[in-house]
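Asks: One structure, as structure tokens, below. Some questions next.
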Amino acid sequence: MTTGVHVEMVVDGIEACPVGSISEASEVASVHTDGGRGSDSGVVGELTVDEAAAGGLSEHDTELVFADGSQSVHRFSTESTDCPCGRIPDHGCPIRDVRAESGSIHVSFVAQDVDVVQEIVTDLRSCSETVRLRRLTQSAPDEGEQLLFVEREAFTDRQYEALATAHEMGYFDRPRRAGNEEVADRLGVSGATFSEHLAVAQRKLLNQLLAA
């Protein structure tokens, strides 16, 4: 049985990635990167923006390489690989798609199994503010649909409450309707405690869904 997992995730707060900050002020039509060139070589990429928004890139270290009157392509490079396009390929997972929206980096890739997904999430959390899994699709042996059931007892009350409240308040929505501190306030805990409970709950949820 094939164990591959197609992953769609959103990463926020990446200082080493210029695309995230650019997308906060300008609508980025597309992003392409070389997927990293080793741990010490940085990342090279190109982003496309509408010509009218190109002026907003002047404060960023990018190079205009193409323009056709309606859109322009700007090349960028980083000295660090502390970003999704630099870190994910190090786990043997080429980036399938990447886009930037309102400061967030959306990426998709195929991981060998759930253990690799967990390794990547842990790795990215070390160089970003938040990592959110949007969708996971596991390889199926046939075309039939498979119903998955989650064992509630696997979660502590705090973990389940953190996951349920975050979902209810729109923490996982894009644009996000509630931030880390807002959900933490609703739960009556610190932001760090909420993040810890949520991370454990997400890991337990992944273990159950992907082991089914």
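By order in the structure tokens, chains are A, B, ...; within a chain, residues start at 1; ligands start at 1, following the order shown.
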List the spatial neighbours of Ile88 in chain A as number ranges by chain - criterion: any atom at most 12 Å away, only C-alpha atoms, same-chain residues fewer than 3 positions off excluded.
Replies: A: 7, 9, 11, 34-39, 43, 81-85, 91-98, 107-111, 116-125
Asks: What would the file look like if the residues just selected were written as a PDB file, in the first residue's frame with C-alpha atoms?
Replies:
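What follows is the written file selection.pdb:
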ATOM      1  CA  VAL A   7       0.073  18.110   2.452  1.00  0.00           C
ATOM      2  CA  MET A   9      -0.025  24.002   4.884  1.00  0.00           C
ATOM      3  CA  VAL A  11       3.254  29.225   7.346  1.00  0.00           C
ATOM      4  CA  ASP A  34      14.395  26.610  -6.993  1.00  0.00           C
ATOM      5  CA  GLY A  35      13.411  24.653  -3.896  1.00  0.00           C
ATOM      6  CA  GLY A  36      16.599  25.404  -2.014  1.00  0.00           C
ATOM      7  CA  ARG A  37      20.203  24.676  -2.892  1.00  0.00           C
ATOM      8  CA  GLY A  38      21.521  23.138   0.280  1.00  0.00           C
ATOM      9  CA  SER A  39      21.533  24.277   3.886  1.00  0.00           C
ATOM     10  CA  VAL A  43      16.890  30.100  -2.028  1.00  0.00           C
ATOM     11  CA  THR A  81      17.061  28.513   3.886  1.00  0.00           C
ATOM     12  CA  ASP A  82      14.985  29.278   6.997  1.00  0.00           C
ATOM     13  CA  CYS A  83      11.758  29.180   4.998  1.00  0.00           C
ATOM     14  CA  PRO A  84       9.382  26.510   3.635  1.00  0.00           C
ATOM     15  CA  CYS A  85      11.016  26.404   0.201  1.00  0.00           C
ATOM     16  CA  HIS A  91      13.197  16.230   4.013  1.00  0.00           C
ATOM     17  CA  GLY A  92      13.062  14.692   0.540  1.00  0.00           C
ATOM     18  CA  CYS A  93       9.830  16.466  -0.442  1.00  0.00           C
ATOM     19  CA  PRO A  94       9.925  18.739  -3.512  1.00  0.00           C
ATOM     20  CA  ILE A  95       7.587  21.733  -3.336  1.00  0.00           C
ATOM     21  CA  ARG A  96       4.596  21.141  -5.628  1.00  0.00           C
ATOM     22  CA  ASP A  97       2.979  24.545  -5.253  1.00  0.00           C
ATOM     23  CA  VAL A  98       3.698  27.757  -3.367  1.00  0.00           C
ATOM     24  CA  VAL A 107       2.748  25.423   0.238  1.00  0.00           C
ATOM     25  CA  SER A 108       1.852  21.923  -0.874  1.00  0.00           C
ATOM     26  CA  PHE A 109       4.036  18.843  -1.163  1.00  0.00           C
ATOM     27  CA  VAL A 110       3.914  15.065  -0.913  1.00  0.00           C
ATOM     28  CA  ALA A 111       5.550  13.441   2.113  1.00  0.00           C
ATOM     29  CA  VAL A 116       7.882  13.003   7.735  1.00  0.00           C
ATOM     30  CA  VAL A 117       4.952  15.436   7.978  1.00  0.00           C
ATOM     31  CA  GLN A 118       5.560  15.767  11.714  1.00  0.00           C
ATOM     32  CA  GLU A 119       9.287  16.291  11.153  1.00  0.00           C
ATOM     33  CA  ILE A 120       8.607  19.069   8.643  1.00  0.00           C
ATOM     34  CA  VAL A 121       6.094  20.807  10.921  1.00  0.00           C
ATOM     35  CA  THR A 122       8.590  20.727  13.790  1.00  0.00           C
ATOM     36  CA  ASP A 123      11.362  22.005  11.527  1.00  0.00           C
ATOM     37  CA  LEU A 124       9.297  24.907  10.179  1.00  0.00           C
ATOM     38  CA  ARG A 125       8.128  25.923  13.636  1.00  0.00           C
TER      39      ARG A 125
END
Asks: As a ChimeraX atom specification, list the residues of range 2-210 of chain A assigned to helix (DSSP H, G or I) by DSSP on the backbone atoms of this structure.
Replies: /A:18-25,51-57,84-91,114-125,152-154,157-169,180-187,191-210
Asks: Would you save the residues from that selection as a PDB file, in the first residue's frame, using C-alpha atoms?
Replies:
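Saved to part_31.pdb:
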ATOM      1  CA  PRO A  18      10.829  38.271   1.430  1.00  0.00           C
ATOM      2  CA  VAL A  19       7.737  36.986  -0.373  1.00  0.00           C
ATOM      3  CA  GLY A  20       5.655  36.941   2.797  1.00  0.00           C
ATOM      4  CA  SER A  21       6.298  40.593   3.598  1.00  0.00           C
ATOM      5  CA  ILE A  22       5.812  41.600  -0.048  1.00  0.00           C
ATOM      6  CA  SER A  23       2.393  39.906  -0.116  1.00  0.00           C
ATOM      7  CA  GLU A  24       1.269  41.992   2.858  1.00  0.00           C
ATOM      8  CA  ALA A  25       1.239  45.122   0.678  1.00  0.00           C
ATOM      9  CA  GLU A  51       2.282  46.100 -12.957  1.00  0.00           C
ATOM     10  CA  ALA A  52       0.300  48.603 -10.879  1.00  0.00           C
ATOM     11  CA  ALA A  53       1.601  47.031  -7.669  1.00  0.00           C
ATOM     12  CA  ALA A  54       5.230  46.760  -8.770  1.00  0.00           C
ATOM     13  CA  GLY A  55       6.123  50.073  -7.155  1.00  0.00           C
ATOM     14  CA  GLY A  56       5.565  48.540  -3.743  1.00  0.00           C
ATOM     15  CA  LEU A  57       8.553  46.251  -4.269  1.00  0.00           C
ATOM     16  CA  PRO A  84       9.382  26.510   3.635  1.00  0.00           C
ATOM     17  CA  CYS A  85      11.016  26.404   0.201  1.00  0.00           C
ATOM     18  CA  GLY A  86      14.408  25.933   1.821  1.00  0.00           C
ATOM     19  CA  ARG A  87      13.505  23.513   4.609  1.00  0.00           C
ATOM     20  CA  ILE A  88      10.882  21.183   3.083  1.00  0.00           C
ATOM     21  CA  PRO A  89      13.104  19.833   0.240  1.00  0.00           C
ATOM     22  CA  ASP A  90      15.690  18.882   2.874  1.00  0.00           C
ATOM     23  CA  HIS A  91      13.197  16.230   4.013  1.00  0.00           C
ATOM     24  CA  VAL A 114       2.979  10.984   8.558  1.00  0.00           C
ATOM     25  CA  ASP A 115       6.297  10.808  10.409  1.00  0.00           C
ATOM     26  CA  VAL A 116       7.882  13.003   7.735  1.00  0.00           C
ATOM     27  CA  VAL A 117       4.952  15.436   7.978  1.00  0.00           C
ATOM     28  CA  GLN A 118       5.560  15.767  11.714  1.00  0.00           C
ATOM     29  CA  GLU A 119       9.287  16.291  11.153  1.00  0.00           C
ATOM     30  CA  ILE A 120       8.607  19.069   8.643  1.00  0.00           C
ATOM     31  CA  VAL A 121       6.094  20.807  10.921  1.00  0.00           C
ATOM     32  CA  THR A 122       8.590  20.727  13.790  1.00  0.00           C
ATOM     33  CA  ASP A 123      11.362  22.005  11.527  1.00  0.00           C
ATOM     34  CA  LEU A 124       9.297  24.907  10.179  1.00  0.00           C
ATOM     35  CA  ARG A 125       8.128  25.923  13.636  1.00  0.00           C
ATOM     36  CA  ARG A 152     -12.111  11.584  21.443  1.00  0.00           C
ATOM     37  CA  GLU A 153     -10.563   9.838  24.444  1.00  0.00           C
ATOM     38  CA  ALA A 154      -7.095  10.275  22.932  1.00  0.00           C
ATOM     39  CA  ASP A 157      -9.985  18.046  27.827  1.00  0.00           C
ATOM     40  CA  ARG A 158      -7.607  20.995  27.404  1.00  0.00           C
ATOM     41  CA  GLN A 159      -6.235  19.711  24.102  1.00  0.00           C
ATOM     42  CA  TYR A 160      -9.676  19.063  22.657  1.00  0.00           C
ATOM     43  CA  GLU A 161     -10.963  22.418  23.900  1.00  0.00           C
ATOM     44  CA  ALA A 162      -8.015  24.220  22.303  1.00  0.00           C
ATOM     45  CA  LEU A 163      -8.629  22.507  18.957  1.00  0.00           C
ATOM     46  CA  ALA A 164     -12.408  22.999  19.025  1.00  0.00           C
ATOM     47  CA  THR A 165     -12.248  26.631  20.163  1.00  0.00           C
ATOM     48  CA  ALA A 166      -9.611  27.509  17.568  1.00  0.00           C
ATOM     49  CA  HIS A 167     -11.828  26.024  14.865  1.00  0.00           C
ATOM     50  CA  GLU A 168     -14.948  27.756  16.185  1.00  0.00           C
ATOM     51  CA  MET A 169     -13.274  31.178  16.337  1.00  0.00           C
ATOM     52  CA  ASN A 180      -3.312  33.224  18.954  1.00  0.00           C
ATOM     53  CA  GLU A 181      -3.935  35.636  21.830  1.00  0.00           C
ATOM     54  CA  GLU A 182      -7.662  35.949  21.126  1.00  0.00           C
ATOM     55  CA  VAL A 183      -8.203  32.197  21.307  1.00  0.00           C
ATOM     56  CA  ALA A 184      -5.974  31.995  24.378  1.00  0.00           C
ATOM     57  CA  ASP A 185      -8.062  34.699  26.088  1.00  0.00           C
ATOM     58  CA  ARG A 186     -11.255  32.776  25.336  1.00  0.00           C
ATOM     59  CA  LEU A 187      -9.698  29.697  26.907  1.00  0.00           C
ATOM     60  CA  GLY A 191      -0.675  32.258  24.337  1.00  0.00           C
ATOM     61  CA  ALA A 192       2.192  29.829  24.895  1.00  0.00           C
ATOM     62  CA  THR A 193      -0.060  27.357  26.710  1.00  0.00           C
ATOM     63  CA  PHE A 194      -2.675  27.516  23.964  1.00  0.00           C
ATOM     64  CA  SER A 195      -0.020  26.920  21.296  1.00  0.00           C
ATOM     65  CA  GLU A 196       1.297  23.906  23.208  1.00  0.00           C
ATOM     66  CA  HIS A 197      -2.164  22.354  23.659  1.00  0.00           C
ATOM     67  CA  LEU A 198      -3.026  22.982  20.009  1.00  0.00           C
ATOM     68  CA  ALA A 199       0.229  21.483  18.727  1.00  0.00           C
ATOM     69  CA  VAL A 200      -0.283  18.285  20.739  1.00  0.00           C
ATOM     70  CA  ALA A 201      -3.934  18.050  19.667  1.00  0.00           C
ATOM     71  CA  GLN A 202      -3.026  18.477  16.002  1.00  0.00           C
ATOM     72  CA  ARG A 203      -0.353  15.783  16.269  1.00  0.00           C
ATOM     73  CA  LYS A 204      -2.794  13.338  17.881  1.00  0.00           C
ATOM     74  CA  LEU A 205      -5.394  14.129  15.240  1.00  0.00           C
ATOM     75  CA  LEU A 206      -2.873  13.501  12.471  1.00  0.00           C
ATOM     76  CA  ASN A 207      -1.802  10.219  14.023  1.00  0.00           C
ATOM     77  CA  GLN A 208      -5.379   8.961  14.032  1.00  0.00           C
ATOM     78  CA  LEU A 209      -6.382  10.204  10.587  1.00  0.00           C
ATOM     79  CA  LEU A 210      -3.286   9.026   8.786  1.00  0.00           C
TER      80      LEU A 210
END
Asks: Find, counting only C-alpha atoms, the residue in A:Thr130, A:Thr156, A:Thr62, A:Gln138 that gets nearest to Gly179 in chain A.
Replies: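 Smallest distance to Gly179 in chain A is found for A:Thr130.
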Asks: Running DSSP on the backbone, which parts of range 66-113 of chain A land in strand (DSSP E or B), as a PyMOL selection string?
Replies: chain A and resi 66-67+71-78+95-101+104-111
Asks: Could you save those same residues with C-alpha atoms as an mmCIF file, in the first residue's frame?
Replies:
data_model
loop_
_atom_site.group_PDB
_atom_site.id
_atom_site.type_symbol
_atom_site.label_atom_id
_atom_site.label_comp_id
_atom_site.auth_asym_id
_atom_site.auth_seq_id
_atom_site.Cartn_x
_atom_site.Cartn_y
_atom_site.Cartn_z
ATOM 1 C CA PHE A 66 10.425 40.788 -17.040
ATOM 2 C CA ALA A 67 7.440 43.072 -17.672
ATOM 3 C CA GLN A 71 2.388 42.056 -14.970
ATOM 4 C CA SER A 72 6.020 42.048 -13.940
ATOM 5 C CA VAL A 73 8.335 39.304 -12.722
ATOM 6 C CA HIS A 74 10.813 40.013 -9.934
ATOM 7 C CA ARG A 75 13.683 37.739 -8.924
ATOM 8 C CA PHE A 76 14.801 37.415 -5.321
ATOM 9 C CA SER A 77 17.382 35.433 -3.418
ATOM 10 C CA THR A 78 18.014 34.701 0.235
ATOM 11 C CA ILE A 95 7.587 21.733 -3.336
ATOM 12 C CA ARG A 96 4.596 21.141 -5.628
ATOM 13 C CA ASP A 97 2.979 24.545 -5.253
ATOM 14 C CA VAL A 98 3.698 27.757 -3.367
ATOM 15 C CA ARG A 99 1.795 31.026 -3.152
ATOM 16 C CA ALA A 100 1.776 34.076 -0.919
ATOM 17 C CA GLU A 101 -1.272 35.852 0.436
ATOM 18 C CA SER A 104 1.246 33.999 4.700
ATOM 19 C CA ILE A 105 3.069 31.375 2.641
ATOM 20 C CA HIS A 106 0.869 28.549 1.328
ATOM 21 C CA VAL A 107 2.748 25.423 0.238
ATOM 22 C CA SER A 108 1.852 21.923 -0.874
ATOM 23 C CA PHE A 109 4.036 18.843 -1.163
ATOM 24 C CA VAL A 110 3.914 15.065 -0.913
ATOM 25 C CA ALA A 111 5.550 13.441 2.113
#
Asks: Work out how far apart CA of Val189 in chain A and CA of Tyr171 in chain A are and give it in Å to one decimal.
Replies: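 These two atoms are separated by 15.8 Å.
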Asks: Quick one, how far is CA of Arg134 in chain A from CA of Phe172 in chain A?
Replies: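 Atom-to-atom, CA of Arg134 in chain A to CA of Phe172 in chain A, that is 7.6 Å.
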Asks: As an exercise, work out the distance from CA of His32 in chain A to CA of Glu8 in chain A in Å and give it to one decimal place.
Replies: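 Going from CA of His32 in chain A over to CA of Glu8 in chain A covers 16.4 Å.
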